[in-house]
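**Student:** Hey, dropping start_21.cif in here, mmCIF, C-alpha atoms:
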data_start
#
loop_
_atom_site.label_atom_id
_atom_site.label_comp_id
_atom_site.auth_asym_id
_atom_site.auth_seq_id
_atom_site.Cartn_x
_atom_site.Cartn_y
_atom_site.Cartn_z
CA MET S 145 145.72 73.10 160.76
CA SER S 146 146.35 73.35 164.52
CA ALA S 147 145.39 69.66 164.89
CA LEU S 148 148.19 68.78 162.43
CA PHE S 149 150.67 71.03 164.24
CA ILE S 150 149.86 69.52 167.66
CA ARG S 151 150.44 66.03 166.23
CA PHE S 152 153.72 67.07 164.64
CA ILE S 153 154.99 68.51 167.93
CA LEU S 154 153.78 65.59 170.08
CA GLY S 155 155.06 62.94 167.64
CA GLY S 156 158.45 64.60 167.35
CA ALA S 157 158.66 65.14 171.12
CA ALA S 158 157.80 61.47 171.81
CA VAL S 159 160.58 60.23 169.52
CA VAL S 160 163.14 62.71 170.93
CA ALA S 161 162.13 61.89 174.54
CA SER S 162 162.56 58.12 173.96
CA THR S 163 165.96 58.81 172.33
CA LEU S 164 167.11 60.91 175.29
CA VAL S 165 165.92 58.27 177.80
CA SER S 166 167.72 55.53 175.84
CA ARG S 167 170.96 57.58 175.92
CA LYS S 168 170.72 58.27 179.65
CA LEU S 169 170.27 54.59 180.50
CA GLY S 170 173.03 52.01 180.25
CA GLU S 171 173.89 50.06 177.10
CA LYS S 172 171.35 47.27 177.59
CA ALA S 173 168.36 49.29 178.88
CA GLY S 174 169.26 52.04 176.39
CA GLY S 175 169.12 49.54 173.54
CA ILE S 176 165.66 48.46 174.64
CA PHE S 177 164.37 52.06 174.84
CA ALA S 178 165.93 52.89 171.46
CA ALA S 179 163.17 50.74 169.93
CA PHE S 180 160.34 52.36 171.92
CA PRO S 181 157.19 52.54 169.74
CA ALA S 182 157.00 56.34 170.21
CA VAL S 183 155.26 57.20 166.93
CA TYR S 184 152.52 54.59 167.44
CA LEU S 185 151.88 55.65 171.05
CA ALA S 186 151.85 59.33 170.10
CA ALA S 187 149.32 58.59 167.33
CA LEU S 188 147.22 56.56 169.80
CA LEU S 189 147.34 59.23 172.54
CA THR S 190 146.55 62.12 170.19
CA ALA S 191 143.50 60.19 168.96
CA SER S 192 141.91 61.08 172.31
CA LEU S 193 141.94 64.75 171.18
CA ASP S 194 139.34 64.01 168.51
CA PHE S 195 137.50 60.91 169.69
CA SER S 196 135.97 59.69 172.93
CA GLY S 197 134.06 56.64 174.20
CA ASP S 198 133.26 53.91 171.66
CA GLU S 199 134.56 56.03 168.78
CA LEU S 200 137.98 56.24 170.44
CA ILE S 201 138.04 52.47 171.00
CA SER S 202 137.08 51.63 167.41
CA TYR S 203 139.59 54.16 166.00
CA SER S 204 142.34 52.79 168.28
CA VAL S 205 141.55 49.21 167.17
CA LEU S 206 141.72 50.35 163.54
CA LEU S 207 145.02 52.16 164.16
CA SER S 208 146.44 49.10 165.94
CA LYS S 209 145.36 46.80 163.08
CA GLY S 210 147.21 48.99 160.60
CA ALA S 211 150.19 49.41 162.94
CA ILE S 212 150.66 45.66 163.37
CA VAL S 213 150.76 45.32 159.58
CA GLY S 214 153.13 48.31 159.53
CA MET S 215 155.43 46.74 162.14
CA GLY S 216 155.56 43.56 160.02
CA ILE S 217 156.55 45.71 157.03
CA ASN S 218 159.18 47.44 159.21
CA ILE S 219 160.84 44.13 160.11
CA LEU S 220 161.03 43.31 156.39
CA ILE S 221 162.39 46.81 155.62
CA ALA S 222 165.05 46.55 158.35
CA ILE S 223 166.28 43.27 156.78
CA ILE S 224 166.18 44.85 153.28
CA ALA S 225 168.00 47.96 154.60
CA GLY S 226 170.72 45.78 156.18
CA TYR S 227 171.21 44.04 152.81
CA LEU S 228 171.05 47.17 150.60
CA VAL S 229 173.25 49.34 152.84
CA THR S 230 175.97 46.66 152.75
CA ARG S 231 175.75 46.28 148.95
CA LYS S 232 175.12 49.85 147.78
CA GLY S 233 176.41 52.08 150.57
CA TRP S 234 174.33 53.79 153.24
CA LYS S 235 173.02 56.70 151.10
CA ARG S 236 171.63 54.68 148.19
CA GLY S 237 170.82 51.68 150.36
CA LEU S 238 168.79 53.68 152.87
CA SER S 239 166.94 55.67 150.18
CA GLN S 240 166.06 52.45 148.34
CA ALA S 241 164.91 50.86 151.62
CA VAL S 242 162.58 53.83 152.27
CA GLY S 243 161.36 53.48 148.67
CA CYS S 244 160.66 49.78 149.37
CA TRP S 245 158.68 50.83 152.49
CA VAL S 246 156.45 53.08 150.34
CA ILE S 247 155.94 50.41 147.64
CA ILE S 248 155.29 47.52 150.08
CA SER S 249 152.91 49.70 152.14
CA MET S 250 150.91 50.68 149.05
CA VAL S 251 150.76 47.06 147.83
CA VAL S 252 149.50 45.96 151.28
CA VAL S 253 146.90 48.77 151.31
CA ILE S 254 145.65 47.81 147.83
CA PHE S 255 145.50 44.08 148.69
CA THR S 256 143.72 44.60 152.02
CA THR S 257 141.23 47.17 150.67
CA TYR S 258 140.18 45.69 147.34
CA MET L 182 174.83 65.41 172.42
CA ASN L 183 174.25 65.39 168.67
CA TYR L 184 171.53 67.97 168.00
CA LYS L 185 171.39 67.20 164.26
CA ASP L 186 170.40 63.63 165.10
CA LEU L 187 167.68 64.82 167.51
CA ILE L 188 166.30 67.32 164.98
CA ILE L 189 166.02 64.61 162.27
CA ARG L 190 164.29 62.28 164.76
CA PHE L 191 161.92 65.08 165.78
CA VAL L 192 161.00 65.93 162.17
CA LEU L 193 160.55 62.28 161.07
CA GLY L 194 158.58 61.30 164.20
CA GLY L 195 156.39 64.41 164.04
CA ALA L 196 155.78 63.97 160.31
CA ALA L 197 154.80 60.30 160.78
CA VAL L 198 152.17 61.11 163.47
CA MET L 199 150.92 64.08 161.42
CA LEU L 200 150.62 61.97 158.24
CA SER L 201 148.89 59.20 160.19
CA TYR L 202 146.22 61.73 161.25
CA LEU L 203 146.02 63.32 157.78
CA VAL L 204 145.51 59.91 156.17
CA THR L 205 142.68 59.18 158.64
CA VAL L 206 140.92 62.41 157.64
CA ILE L 207 141.40 62.46 153.87
CA SER L 208 142.13 58.92 152.64
CA PRO L 209 139.61 56.11 152.06
CA TRP L 210 142.23 53.50 153.08
CA GLU L 211 141.72 52.91 156.78
CA ILE L 212 144.75 50.64 157.23
CA LEU L 213 147.14 53.36 155.95
CA ALA L 214 146.80 55.45 159.15
CA GLY L 215 148.14 52.52 161.19
CA ILE L 216 150.95 51.88 158.71
CA PHE L 217 152.05 55.51 159.07
CA ALA L 218 151.74 55.21 162.86
CA ALA L 219 154.30 52.40 162.64
CA PHE L 220 156.67 54.42 160.40
CA PRO L 221 160.24 53.33 161.28
CA ALA L 222 161.42 56.89 162.05
CA VAL L 223 163.85 55.78 164.77
CA MET L 224 165.44 53.03 162.63
CA ILE L 225 165.87 55.33 159.59
CA THR L 226 167.50 58.08 161.66
CA ALA L 227 169.75 55.60 163.49
CA VAL L 228 170.95 54.08 160.16
CA LEU L 229 171.37 57.58 158.65
CA MET L 230 173.41 58.92 161.57
CA MET L 231 175.55 55.78 161.79
CA GLY L 232 176.17 56.04 158.02
CA VAL L 233 177.34 59.65 158.41
CA ILE L 234 179.54 58.94 161.44
CA SER L 235 180.96 55.44 160.86
CA GLY L 236 180.14 54.39 157.28
CA SER L 237 178.01 51.76 155.56
CA GLU L 238 179.18 48.66 157.44
CA SER L 239 178.16 50.03 160.86
CA ALA L 240 174.93 51.42 159.39
CA ALA L 241 174.02 47.95 158.07
CA LYS L 242 174.66 46.50 161.54
CA VAL L 243 172.24 49.06 163.05
CA ALA L 244 169.59 48.11 160.47
CA ASN L 245 170.00 44.39 161.20
CA GLY L 246 170.00 45.01 164.97
CA SER L 247 166.77 47.01 164.80
CA VAL L 248 164.89 43.85 163.76
CA PHE L 249 165.11 42.64 167.38
CA GLY L 250 163.73 45.94 168.74
CA MET L 251 160.78 45.75 166.35
CA ILE L 252 159.67 42.42 167.84
CA GLY L 253 158.86 44.27 171.10
CA CYS L 254 156.88 46.86 169.10
CA VAL L 255 154.80 44.11 167.45
CA VAL L 256 154.04 42.68 170.92
CA CYS L 257 153.03 46.16 172.18
CA VAL L 258 150.61 46.82 169.31
CA ALA L 259 149.17 43.28 169.45
CA THR L 260 148.56 43.68 173.21
CA VAL L 261 146.79 47.04 172.79
CA TRP L 262 144.65 45.59 169.98
CA PHE L 263 143.80 42.46 171.99
CA VAL L 264 142.98 44.34 175.24
CA LEU L 265 140.87 46.95 173.42
CA THR L 266 138.88 44.27 171.61
CA LEU L 267 138.43 42.27 174.81
CA THR L 268 137.74 44.96 177.43
CA ASN L 269 136.98 48.23 175.55
CA ASN L 270 139.23 49.90 178.15
CA TRP L 271 141.49 52.40 176.38
CA ILE L 272 143.81 53.28 179.29
CA LEU L 273 144.22 49.61 180.31
CA GLY L 274 145.09 48.76 176.68
CA ILE L 275 147.89 51.35 176.59
CA ILE L 276 149.25 50.41 180.05
CA LEU L 277 149.29 46.67 179.29
CA GLY L 278 150.77 47.41 175.85
CA LEU L 279 153.68 49.23 177.54
CA ILE L 280 154.17 46.47 180.13
CA PHE L 281 154.19 43.73 177.47
CA TRP L 282 156.48 45.84 175.24
CA PHE L 283 159.00 46.14 178.07
CA GLY L 284 158.75 42.46 179.07
CA SER L 285 159.13 41.15 175.51
CA SER L 286 161.97 43.61 174.75
CA VAL L 287 163.92 42.47 177.83
CA LEU L 288 163.31 38.84 176.83
CA VAL L 289 164.46 39.42 173.22
CA SER L 290 167.49 41.41 174.45
CA ASN L 291 168.54 38.62 176.84
CA LEU L 292 168.01 35.99 174.15
CA ARG L 293 170.10 38.02 171.71
CA GLU L 294 172.88 38.39 174.28
CA TYR L 295 172.80 34.64 174.96
CA ILE L 296 173.07 33.86 171.22
CA LYS L 297 175.94 36.38 170.84
CA ASN L 298 177.82 34.78 173.76
CA MET L 299 177.38 31.36 172.18
CA GLU L 300 178.81 32.69 168.90
CA ILE L 301 181.95 34.21 170.47
CA ARG L 302 182.68 31.16 172.63
CA PRO L 303 185.94 29.43 171.60
CA LYS L 304 185.37 26.76 168.98
CA GLY L 305 187.87 24.33 170.51
CA HIS L 306 185.18 21.79 171.33
CA LYS L 307 183.74 21.86 167.83
CA VAL L 308 187.16 21.36 166.24
CA GLY L 309 187.88 18.61 168.70
CA SER L 310 184.62 16.85 168.01
CA PHE L 311 185.25 17.15 164.26
CA HIS L 312 188.63 15.47 164.60
CA LYS L 313 187.12 12.86 166.85
CA SER L 314 184.34 12.04 164.41
CA GLN L 315 186.87 11.98 161.56
CA ALA L 316 189.05 9.65 163.56
CA GLU L 317 186.06 7.45 164.23
CA GLN L 318 185.33 7.34 160.47
CA HIS L 319 188.84 6.09 159.76
CA LYS L 320 188.53 3.28 162.28
#
Could you express the structure from this file as structure tokens?

**Tutor:**
Amino acid sequence: MSALFIRFILGGAAVVASTLVSRKLGEKAGGIFAAFPAVYLAALLTASLDFSGDELISYSVLLSKGAIVGMGINILIAIIAGYLVTRKGWKRGLSQAVGCWVIISMVVVIFTTY
Amino acid sequence: MNYKDLIIRFVLGGAAVMLSYLVTVISPWEILAGIFAAFPAVMITAVLMMGVISGSESAAKVANGSVFGMIGCVVCVATVWFVLTLTNNWILGIILGLIFWFGSSVLVSNLREYIKNMEIRPKGHKVGSFHKSQAEQHK
């Protein structure tokens, strides 16, 4: 349970810290830091709490493999969100985009596993 | 400073890292942990907050703009993956991932700015060239 709590705190803190840095910097540098891969890096760094040596490397490679697929899905979701938010308003559009993220992720998991 | 925005980002970011770990422990699907690690928490919160403050049109612009930021994230993850596979050096993988993320993000940002400047440039030349080509057709 404490392992989950530590990850929640670190993940949340990483996202908030990157947001605060992006706001402190100017428009251009702030825009770059607004897209900082905080969740991925937090997941990667917290992996060192449980693994070490070769186990840590193989887990990190596995996490990165999944994350690169996830980032691809994210690009697709951002395009879908842009389309749906314009057509259906931000509340319905954003909820449907998150729904699409779940569905596409599950389809990718099923196709890559079986 | 909008604290509501920060709290939503904190909860979504924390939940994504927590779920990524939980999936690793309990689920048989190895790829799912990575997909959760790439959860677009920042994009969702940014679209949500923009929707609340300025409405759907601005929120859609944020969603479309985030595509460019995600290119840098793909480069970061690909670099970490490549360096880890090649050198087995965990720290080096993360450091190079961050360097390549920053480099590619600056490049994409400059490219985007260049394209934007091209779009807002006066279209006088284009109109002129159209008339010219039309005039040439009539000759």

**Student:** Can you work out which one of L:Ile189, L:Ile216, L:Met199, L:Ile296 has the shortest atom-to-atom distance to Val258 of chain L, counting only C-alpha atoms?

**Tutor:**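 When distances to Val258 of chain L are compared using only C-alpha atoms, the smallest one comes from L:Ile216.
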
**Student:** Can you check which residues of chain L have any atom within 6 Å of chain S? Use only C-alpha atoms and format it as a PyMOL selection string.

**Tutor:** chain L and resi 191-192+194-196+198-199+212+215-216+218-219+232+237+241+244-245+248+250+254-255+258+262

**Student:** When you count only C-alpha atoms, which of these residues is closest to Val256 of chain L: L:Thr268, L:Leu273, L:Ile280, L:Ala240?

**Tutor:**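 Closest residue, counting only C-alpha atoms: L:Ile280.
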
**Student:** Quick one, how far is atom CA of Gly253 of chain L from atom CA of Arg236 of chain S?

**Tutor:**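 Distance reported for this atom pair: 28.2 Å.
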
**Student:** So how many Å separate atom CA of Val289 of chain L and atom CA of Phe249 of chain L, to one decimal?

**Tutor:** 6.7 Å

**Student:** As an exercise, work out the distance from atom CA of Trp282 of chain L to atom CA of Cys257 of chain L in Å and give it to one decimal place.

**Tutor:** 4.6 Å

**Student:** Can you pull out every residue within 9 Å of Val243 of chain L, counting only C-alpha atoms, but drop anything in the same chain fewer than 5 positions away, and send it as an NGL selection string?

**Tutor:** (:S and (222 or 226)) or (:L and (224 or 227-228 or 231 or 238))

**Student:** Hey, what comes out of the PyMOL selection byres ((chain L and resi 185) around 12) on this file? Could you write it as a list of chain:residue names?

**Tutor:** S:Val160, L:Met182, L:Asn183, L:Tyr184, L:Asp186, L:Leu187, L:Ile188, L:Ile189, L:Arg190, L:Phe191, L:Val192, L:Thr226, L:Ala227, L:Leu229, L:Met230, L:Val233, L:Ile234

**Student:** Taking only C-alpha atoms into account, name the residue in L:Ser201, L:Phe220, L:Ile252, L:Phe281 that is nearest to Val264 of chain L.

**Tutor:**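 Between L:Ser201, L:Phe220, L:Ile252, L:Phe281, the residue approaching Val264 of chain L most closely is L:Phe281.
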
**Student:** Mind giving me the axis-aligned box for segment 259-270 of chain L with 3 Å on every side, centre plus edges in Å to one decimal, as AutoDock Vina command-line options?

**Tutor:**
--center_x 143.1 --center_y 46.1 --center_z 173.8 --size_x 18.2 --size_y 13.6 --size_z 14.7
